[in-house]
file input.cif (mmCIF, C-alpha atoms and all ligand atoms)
data_data
loop_
_atom_site.label_atom_id
_atom_site.label_comp_id
_atom_site.auth_asym_id
_atom_site.auth_seq_id
_atom_site.Cartn_x
_atom_site.Cartn_y
_atom_site.Cartn_z
CA MET A 210 8.89 82.54 26.39
CA LYS A 211 9.53 82.16 22.72
CA PRO A 212 11.49 85.17 21.45
CA ARG A 213 9.69 86.81 18.58
CA ALA A 214 11.34 86.79 15.23
CA THR A 215 13.02 90.09 14.41
CA ASN A 216 13.39 91.62 10.99
CA THR A 217 16.68 90.65 9.41
CA LEU A 218 16.56 93.20 6.58
CA ALA A 219 17.73 96.72 7.28
CA ALA A 220 16.70 96.75 10.92
CA PRO A 221 18.92 98.87 13.15
CA ARG A 222 21.01 96.88 15.61
CA PRO A 223 21.59 99.20 18.56
CA LEU A 224 22.18 96.31 20.97
CA SER A 225 25.30 94.24 20.42
CA GLN A 226 24.90 90.50 19.95
CA ASP A 227 26.09 90.00 23.52
CA GLN A 228 23.56 92.48 24.88
CA ALA A 229 20.67 90.93 22.93
CA ALA A 230 21.75 87.43 24.00
CA PHE A 231 21.99 88.58 27.63
CA PHE A 232 18.46 89.98 27.47
CA LEU A 233 17.02 86.80 25.96
CA ARG A 234 18.88 84.59 28.44
CA GLU A 235 18.51 86.60 31.67
CA GLY A 236 15.23 88.39 31.01
CA TYR A 237 16.67 91.84 31.67
CA LEU A 238 19.37 94.21 30.43
CA VAL A 239 20.71 97.61 31.45
CA VAL A 240 21.45 99.90 28.52
CA GLU A 241 23.62 102.82 29.60
CA ASP A 242 23.44 106.26 27.97
CA LEU A 243 20.47 105.48 25.76
CA PHE A 244 19.01 108.97 26.06
CA ASP A 245 20.35 112.44 25.52
CA MET A 246 19.80 114.65 28.56
CA PRO A 247 17.63 117.23 26.72
CA ALA A 248 15.04 114.52 25.99
CA LEU A 249 14.85 113.58 29.67
CA ASP A 250 14.99 117.17 30.86
CA ALA A 251 12.07 118.06 28.62
CA VAL A 252 10.00 115.34 30.33
CA ILE A 253 11.14 116.57 33.75
CA GLY A 254 10.09 120.09 32.74
CA GLU A 255 6.68 118.83 31.68
CA ILE A 256 6.13 116.92 34.92
CA SER A 257 7.37 119.87 37.00
CA GLY A 258 4.95 122.13 35.14
CA GLU A 259 2.06 119.81 35.94
CA ILE A 260 3.08 119.61 39.61
CA ASP A 261 3.20 123.40 39.76
CA ARG A 262 -0.16 123.78 38.01
CA LYS A 263 -1.87 121.32 40.36
CA ALA A 264 -0.20 122.81 43.45
CA ARG A 265 -1.39 126.31 42.52
CA GLU A 266 -4.91 125.03 41.93
CA LEU A 267 -4.95 123.45 45.42
CA TYR A 268 -3.36 126.56 46.95
CA ALA A 269 -6.09 128.74 45.46
CA ALA A 270 -8.70 126.34 46.85
CA GLY A 271 -7.15 126.63 50.32
CA LYS A 272 -6.05 122.99 50.38
CA LEU A 273 -2.34 123.75 50.38
CA ALA A 274 -0.57 126.19 52.72
CA HIS A 275 2.89 126.22 51.09
CA LEU A 276 3.79 125.92 47.43
CA HIS A 277 7.47 125.06 48.01
CA GLU A 278 8.10 126.55 44.61
CA TYR A 279 11.85 126.89 45.16
CA LEU A 280 12.39 123.17 45.74
CA ASP A 281 13.66 121.10 42.84
CA PHE A 282 12.16 118.14 41.01
CA GLU A 283 13.86 115.72 43.38
CA HIS A 284 12.31 117.19 46.54
CA ARG A 285 9.23 119.34 45.90
CA LEU A 286 6.56 116.66 45.63
CA THR A 287 7.54 115.17 49.01
CA GLN A 288 6.88 118.52 50.71
CA LEU A 289 3.61 119.05 48.86
CA ASN A 290 2.53 115.54 49.73
CA ALA A 291 3.12 116.22 53.42
CA GLN A 292 0.23 118.72 53.15
CA THR A 293 -2.13 116.89 50.79
CA PRO A 294 -1.89 113.67 48.77
CA GLU A 295 -3.73 115.30 45.86
CA VAL A 296 -0.73 116.45 43.83
CA TYR A 297 0.94 113.03 44.05
CA GLN A 298 -2.29 111.29 43.18
CA SER A 299 -2.90 113.49 40.17
CA ILE A 300 0.61 112.76 38.86
CA LEU A 301 0.18 109.03 39.39
CA ALA A 302 -3.29 108.81 37.94
CA GLY A 303 -2.97 111.79 35.68
CA ARG A 304 -2.12 109.89 32.53
CA LEU A 305 0.29 112.67 31.68
CA ALA A 306 0.28 112.86 27.89
CA GLY A 307 2.25 115.96 26.95
CA PRO A 308 4.51 116.46 23.93
CA ALA A 309 7.81 115.80 25.77
CA LEU A 310 6.50 112.52 27.09
CA PHE A 311 5.19 111.60 23.64
CA ASN A 312 8.60 112.40 22.17
CA LEU A 313 10.30 110.22 24.76
CA ILE A 314 8.03 107.30 23.88
CA ARG A 315 9.04 107.86 20.22
CA HIS A 316 12.70 108.56 20.95
CA PRO A 317 14.62 107.10 17.95
CA ALA A 318 17.32 105.38 20.08
CA LEU A 319 14.63 103.77 22.18
CA LEU A 320 12.61 102.64 19.17
CA ASP A 321 15.74 101.13 17.61
CA VAL A 322 16.16 98.96 20.70
CA ALA A 323 12.46 98.08 20.84
CA GLU A 324 12.44 97.24 17.15
CA GLN A 325 15.44 94.97 17.51
CA LEU A 326 13.60 92.99 20.19
CA CYS A 327 9.97 93.14 19.06
CA GLY A 328 10.19 93.47 15.30
CA PRO A 329 9.54 96.24 12.79
CA GLU A 330 5.78 96.74 13.25
CA LEU A 331 6.09 98.37 16.61
CA ILE A 332 3.28 99.24 18.97
CA ALA A 333 3.75 101.46 22.01
CA SER A 334 1.77 99.59 24.61
CA SER A 335 -0.89 101.57 26.37
CA VAL A 336 0.71 100.81 29.71
CA TYR A 337 3.11 103.57 30.56
CA ARG A 338 3.54 104.87 34.06
CA LEU A 339 5.21 107.71 35.85
CA ARG A 340 6.54 106.80 39.29
CA PRO A 341 7.58 109.38 41.85
CA LYS A 342 8.91 107.07 44.52
CA MET A 343 8.94 109.36 47.52
CA PRO A 344 10.97 108.61 50.64
CA GLY A 345 8.86 106.64 53.09
CA HIS A 346 5.69 106.58 50.99
CA PRO A 347 3.79 103.30 51.48
CA TRP A 348 3.15 102.97 47.72
CA GLY A 349 6.84 103.38 46.94
CA ALA A 350 7.87 99.76 47.40
CA VAL A 351 6.47 97.57 44.61
CA PRO A 352 6.21 93.85 45.47
CA TRP A 353 7.49 91.00 43.31
CA HIS A 354 5.40 90.66 40.19
CA GLN A 355 5.56 90.01 36.46
CA ASP A 356 4.03 92.65 34.21
CA SER A 357 2.02 89.92 32.51
CA GLY A 358 0.22 89.53 35.84
CA TYR A 359 -1.61 92.73 34.87
CA PHE A 360 -2.13 91.86 31.19
CA GLU A 361 -4.47 89.64 29.24
CA PRO A 362 -3.51 85.94 29.52
CA PHE A 363 -3.50 85.77 25.69
CA CYS A 364 -0.34 87.82 25.70
CA ASP A 365 1.70 85.81 28.21
CA ARG A 366 3.62 84.04 25.47
CA GLY A 367 4.33 87.11 23.39
CA LEU A 368 7.08 89.57 24.15
CA ILE A 369 6.13 92.92 25.64
CA VAL A 370 9.31 94.78 26.51
CA THR A 371 9.22 97.06 29.53
CA VAL A 372 11.65 99.96 29.28
CA TRP A 373 12.19 101.32 32.77
CA ILE A 374 13.70 104.81 32.63
CA PRO A 375 15.03 106.62 35.71
CA LEU A 376 14.70 110.40 35.65
CA VAL A 377 17.30 110.63 38.46
CA ASP A 378 20.13 108.18 39.17
CA ALA A 379 18.39 105.06 40.50
CA THR A 380 20.61 103.68 43.26
CA PRO A 381 19.94 100.83 45.72
CA GLU A 382 19.33 103.37 48.51
CA ARG A 383 16.80 105.24 46.39
CA GLY A 384 14.94 102.02 45.59
CA CYS A 385 16.13 100.90 42.16
CA LEU A 386 14.60 97.75 40.71
CA HIS A 387 15.52 94.16 41.60
CA VAL A 388 14.93 91.28 39.19
CA LEU A 389 14.78 87.49 39.38
CA PRO A 390 16.77 86.40 36.33
CA ARG A 391 16.16 83.48 33.94
CA LEU A 392 12.54 82.84 34.95
CA HIS A 393 10.92 84.50 31.95
CA ARG A 394 10.69 81.32 29.89
CA ASP A 395 8.68 79.55 32.59
CA PRO A 396 4.89 79.78 32.90
CA ILE A 397 3.56 82.84 34.65
CA LEU A 398 3.50 82.70 38.45
CA ARG A 399 0.32 83.20 40.44
CA HIS A 400 -0.43 86.76 41.56
CA VAL A 401 -2.60 87.97 44.42
CA THR A 402 -3.60 91.36 45.77
CA ASP A 403 -0.84 92.81 47.94
CA LYS A 404 -1.25 93.75 51.59
CA ILE A 405 -1.96 97.42 50.96
CA ASN A 406 -4.43 96.68 48.15
CA VAL A 407 -2.49 98.70 45.60
CA TYR A 408 -0.45 96.20 43.58
CA LEU A 409 -0.48 92.59 42.49
CA GLU A 410 2.19 90.39 44.01
CA ILE A 411 3.55 86.88 43.70
CA PRO A 412 3.01 85.22 47.11
CA GLU A 413 6.37 84.91 48.85
CA ALA A 414 6.02 81.13 49.25
CA GLU A 415 5.57 80.80 45.49
CA LEU A 416 8.68 82.72 44.49
CA PRO A 417 11.09 80.18 43.01
CA LYS A 418 13.63 79.04 45.59
CA GLY A 419 17.31 79.31 44.83
CA VAL A 420 17.03 82.21 42.37
CA LYS A 421 19.09 85.08 43.72
CA PRO A 422 17.57 88.53 43.15
CA VAL A 423 19.77 90.93 41.22
CA CYS A 424 19.81 94.57 42.31
CA VAL A 425 19.91 96.75 39.19
CA PRO A 426 21.02 100.37 39.68
CA VAL A 427 20.58 102.53 36.57
CA ARG A 428 22.06 105.98 36.00
CA LYS A 429 19.98 108.81 34.54
CA GLY A 430 20.31 108.50 30.75
CA GLY A 431 20.16 104.71 30.84
CA ALA A 432 17.30 102.25 30.87
CA LEU A 433 16.50 98.82 32.22
CA LEU A 434 14.79 96.42 29.80
CA LEU A 435 12.55 93.66 31.14
CA THR A 436 10.33 91.04 29.56
CA ASN A 437 6.70 90.79 30.58
CA LEU A 438 7.52 87.56 32.45
CA THR A 439 10.59 88.79 34.34
CA PRO A 440 9.75 88.97 38.06
CA HIS A 441 10.80 92.32 39.49
CA ALA A 442 10.26 94.44 42.58
CA SER A 443 11.51 97.62 44.17
CA PHE A 444 12.02 98.32 47.84
CA ASP A 445 12.10 101.36 50.11
CA ASN A 446 13.65 104.64 49.20
CA THR A 447 15.77 105.48 52.26
CA THR A 448 17.15 108.79 50.96
CA ASP A 449 15.54 112.24 50.81
CA VAL A 450 15.51 112.27 46.99
CA ILE A 451 12.42 111.26 45.03
CA ARG A 452 13.32 108.33 42.80
CA TRP A 453 11.48 109.50 39.71
CA SER A 454 11.12 106.97 36.91
CA MET A 455 8.94 106.11 33.96
CA ASP A 456 8.12 102.72 32.57
CA LEU A 457 7.14 102.37 28.92
CA ARG A 458 6.23 99.22 27.02
CA TYR A 459 6.49 97.99 23.43
CA GLN A 460 5.14 95.01 21.54
CA SER A 461 4.75 93.75 18.01
CA ALA A 462 1.60 94.52 16.02
CA GLU A 463 1.30 90.76 15.70
CA LEU A 464 0.11 90.61 19.28
CA PRO A 465 -3.43 91.71 20.17
CA THR A 466 -3.60 95.48 20.18
CA ASN A 467 -6.26 98.16 20.20
CA ALA A 468 -4.01 100.50 18.16
CA ARG A 469 -5.90 101.99 15.23
CA ILE A 470 -4.12 100.08 12.49
CA SER A 471 -5.23 98.07 9.53
CA ARG A 472 -4.33 94.41 9.58
CA LEU A 473 -1.87 93.19 6.96
CA PRO A 474 -2.51 90.04 4.95
CA GLY A 475 -1.28 87.09 6.96
CA GLU A 476 -0.70 89.15 10.09
CA SER A 477 -2.31 86.99 12.68
CA VAL A 478 -3.85 87.85 15.97
CA PRO A 479 -3.59 84.87 18.33
CA ALA A 480 -6.88 83.11 19.04
CA PRO A 481 -7.99 83.05 22.63
CA ASP A 482 -8.80 79.35 22.61
CA GLY A 483 -5.48 78.18 23.91
CA ALA A 484 -3.43 78.67 20.76
CA GLN A 485 -1.43 81.30 22.60
CA GLY A 486 -1.08 81.98 26.29
CA ASP A 487 -3.33 80.59 28.95
CA ALA A 488 -6.75 81.90 28.05
CA PRO A 489 -9.17 81.47 30.94
CA ALA A 490 -12.06 79.08 30.42
CA ASP A 491 -14.66 81.83 30.40
CA ALA A 492 -12.89 83.70 27.62
CA THR A 493 -12.96 81.06 24.90
CA ASN A 494 -15.33 83.02 22.70
CA ARG A 495 -13.92 86.39 23.38
CA PRO A 496 -11.77 88.00 20.72
CA PRO A 497 -8.42 89.22 22.02
CA VAL A 498 -8.74 92.98 22.01
CA ALA A 499 -5.41 94.10 23.36
CA CYS A 500 -2.82 92.94 25.85
CA TYR A 501 -4.06 95.74 28.12
CA PRO A 502 -7.53 96.86 27.00
CA PRO A 503 -8.17 99.64 29.55
CA GLU A 504 -5.89 102.09 27.75
CA ALA A 505 -4.97 103.06 24.19
CA ASP A 506 -2.08 101.51 22.23
CA PHE A 507 -0.59 103.26 19.20
CA LEU A 508 1.74 102.52 16.30
CA VAL A 509 5.19 104.10 16.69
CA ARG A 510 7.24 102.52 13.91
CA SER A 511 6.29 100.64 10.78
CA ARG A 512 7.60 99.83 7.35
CA ALA A 513 4.39 98.20 6.15
CA ARG A 514 1.94 101.00 7.08
CA PRO A 515 4.04 104.10 7.85
CA GLU A 516 1.06 106.39 7.25
CA GLN A 517 -0.62 104.94 10.35
CA ILE A 518 2.18 105.86 12.77
CA LEU A 519 0.98 108.27 15.43
CA LYS A 520 3.15 111.35 14.99
CA ASP A 521 1.17 114.20 16.42
CA ALA A 522 1.36 115.06 20.12
CA GLU A 523 -2.15 116.49 20.21
CA ALA A 524 -3.55 113.36 18.54
CA PHE A 525 -1.70 111.34 21.18
CA ARG A 526 -3.28 113.35 24.00
CA GLN A 527 -6.73 112.96 22.49
CA LEU A 528 -6.31 109.25 21.87
CA ARG A 529 -5.35 108.67 25.50
CA GLN A 530 -8.16 110.84 26.80
CA GLU A 531 -10.94 109.55 24.58
CA HIS A 532 -10.17 105.85 24.81
CA ALA A 533 -13.24 103.93 25.91
CA PHE A 534 -12.38 101.92 28.99
CA SER A 535 -12.54 98.17 28.60
CA PRO A 536 -11.57 95.96 31.56
CA VAL A 537 -8.83 93.40 31.61
CA THR A 538 -9.71 89.74 32.32
CA ASP A 539 -9.85 89.22 36.07
CA ARG A 540 -7.52 86.25 36.03
CA TRP A 541 -6.50 86.43 39.70
CA ASN A 542 -9.97 87.04 41.13
CA GLY A 543 -8.91 90.40 42.40
CA LYS A 544 -10.04 93.91 41.86
CA PHE A 545 -8.97 95.98 38.87
CA PHE A 546 -5.40 97.24 39.09
CA VAL A 547 -3.92 99.92 36.92
CA SER A 548 -0.20 99.41 37.23
O1 LIG B 1 9.39 101.65 39.49
C1 LIG B 1 9.15 100.78 40.33
O2 LIG B 1 9.55 100.85 41.49
C2 LIG B 1 8.37 99.58 39.91
C3 LIG B 1 8.22 99.50 38.44
C4 LIG B 1 7.50 98.31 37.97
O3 LIG B 1 7.11 97.45 38.70
C5 LIG B 1 7.25 98.17 36.55
O4 LIG B 1 7.71 99.01 35.77
O5 LIG B 1 6.56 97.21 36.17
#

call {"tool": "encode", "arguments": {"input": "input.cif", "output": "structure tokens"}}
result
Amino acid sequence: MKPRATNTLAAPRPLSQDQAAFFLREGYLVVEDLFDMPALDAVIGEISGEIDRKARELYAAGKLAHLHEYLDFEHRLTQLNAQTPEVYQSILAGRLAGPALFNLIRHPALLDVAEQLCGPELIASSVYRLRPKMPGHPWGAVPWHQDSGYFEPFCDRGLIVTVWIPLVDATPERGCLHVLPRLHRDPILRHVTDKINVYLEIPEAELPKGVKPVCVPVRKGGALLLTNLTPHASFDNTTDVIRWSMDLRYQSAELPTNARISRLPGESVPAPDGAQGDAPADATNRPPVACYPPEADFLVRSRARPEQILKDAEAFRQLRQEHAFSPVTDRWNGKFFVS
């Protein structure tokens, strides 16, 4: 993957040269102590509030016998899920879009890092996910994949940075991420539907031989950065603590995006006819809409069009809710996957 040019003017440089070089060489980087605890605790409070709201709704409807209201964030959902999968499913699919989450996506320390890697016209990619990895849950383990496996082929060659943020300490026992380093400059690997029909996966036989997976624990407050072509996976959570995490993504406005922004003179959107990425044959006349069209991107930092930055939490909620669904190219002949 060709690293995108970064702004050399007054851009903040939160990553040291060694850290940035490590990321570009290895395809991943752990940044310790990126977040202040109040920012993370506000998100935890928002998620806990949503769990409580949904649990009470199901309790009132007679679908839940026990609220387990005295259990903490690290344990409550497991007990609720033992009675009904509905709370877990609503959190997973709920597209939580509250103010604390919005503020985390716009957290200045995080945007400084994203800007350093992606450039100054910074888009928050539509793809952000909340992952309560419950002990023993079959959806907890995520097979080897590259995030680009889920995105439009046009965007394979651009950089979309995944920022994986644990909301509890992510240890090997709790199922932290594993990565395959130094593969992100190679062409994308083939993906297929996984055995439980939930995720995409790289078939085991097609995983490059001789590349040793790296287990990457991350403490609460830190983050793991990945490129869109870095193969990664996570395995079982063998503890009794829910390994809560979020994954956010950032890209340059120079990549296809459905963010509501005006185009600047000379700011190019790659053509789908092979100029960038591996556009499928049937897409030659299709304009690139976004790297992930099903959901809404938005501008989070800009020097060239600061008035178009999304700053209002309610506008964020509305944007996410009202976005007209548009499918992603079915490049692996599978069904539509959302994460
Ligand atoms: O959190 C996990 O276990 C998997 C995360 C992941 O695959 C991703 O962020 O792309």

call {"tool": "residues_near_ligand", "arguments": {"input": "input.cif", "ligand": "ligand LIG 1 (chain B)", "cutoff": "8 Å", "atoms": "all atoms listed in the file", "output": "ChimeraX atom specification"}}
result
/A:338,340,342,349-356,371-373,384-386,441-444,454-457,548

call {"tool": "residues_around", "arguments": {"input": "input.cif", "residues": "range 278-281 of chain A", "least_positions_apart": "5", "cutoff": "10 Å", "atoms": "only C-alpha atoms", "output": "compact mmCIF listing (two decimals) with C-alpha atoms, keeping the file's coordinate frame"}}
result
# COMPACT_ATOMS: atom_id res chain seq x y z
CA SER A 257 7.37 119.87 37.00
CA ILE A 260 3.08 119.61 39.61
CA ASP A 261 3.20 123.40 39.76
CA ALA A 264 -0.20 122.81 43.45
CA ARG A 265 -1.39 126.31 42.52
CA LEU A 286 6.56 116.66 45.63
CA THR A 287 7.54 115.17 49.01
CA GLN A 288 6.88 118.52 50.71
CA LEU A 289 3.61 119.05 48.86
CA VAL A 450 15.51 112.27 46.99

call {"tool": "residues_around", "arguments": {"input": "input.cif", "residues": "Arg529 in chain A", "least_positions_apart": "5", "cutoff": "8 Å", "atoms": "all atoms listed in the file", "output": "list in words"}}
result
Arg304, Ala306, Glu504 and Ala505 of chain A

call {"tool": "residues_around", "arguments": {"input": "input.cif", "residues": "range 244-252 of chain A", "least_positions_apart": "2", "cutoff": "10 Å", "atoms": "all atoms listed in the file", "output": "JSON, numbers by chain"}}
result
{"A": [240, 241, 242, 254, 255, 256, 257, 258, 307, 308, 309, 310, 311, 312, 313, 316, 317, 318, 319, 374, 375, 376, 377, 429, 430, 431, 432, 455]}

call {"tool": "residues_around", "arguments": {"input": "input.cif", "residues": "Asn446 in chain A", "least_positions_apart": "2", "cutoff": "7 Å", "atoms": "all atoms listed in the file", "output": "mmCIF file with C-alpha atoms, in the frame of the given file"}}
result
data_model
loop_
_atom_site.group_PDB
_atom_site.id
_atom_site.type_symbol
_atom_site.label_atom_id
_atom_site.label_comp_id
_atom_site.auth_asym_id
_atom_site.auth_seq_id
_atom_site.Cartn_x
_atom_site.Cartn_y
_atom_site.Cartn_z
ATOM 1 C CA MET A 343 8.940 109.360 47.520
ATOM 2 C CA PRO A 344 10.970 108.610 50.640
ATOM 3 C CA GLY A 345 8.860 106.640 53.090
ATOM 4 C CA GLU A 382 19.330 103.370 48.510
ATOM 5 C CA ARG A 383 16.800 105.240 46.390
ATOM 6 C CA GLY A 384 14.940 102.020 45.590
ATOM 7 C CA PHE A 444 12.020 98.320 47.840
ATOM 8 C CA THR A 448 17.150 108.790 50.960
#

call {"tool": "closest_residue", "arguments": {"input": "input.cif", "among": "A:Val370, A:Val427, A:Leu389, A:Leu305", "to": "Ile253 in chain A", "atoms": "only C-alpha atoms"}}
result
A:Leu305

call {"tool": "closest_residue", "arguments": {"input": "input.cif", "among": "A:Pro503, A:Pro440, A:Pro390, A:Pro347", "to": "Leu233 in chain A", "atoms": "only C-alpha atoms"}}
result
A:Pro390

call {"tool": "atom_distance", "arguments": {"input": "input.cif", "atom1": "CA of Thr439 in chain A", "atom2": "CA of Asn406 in chain A"}}
result
21.9 Å

call {"tool": "closest_residue", "arguments": {"input": "input.cif", "among": "A:Ile470, A:Ser334, A:Asp365, A:Gln292", "to": "His277 in chain A", "atoms": "only C-alpha atoms"}}
result
A:Gln292
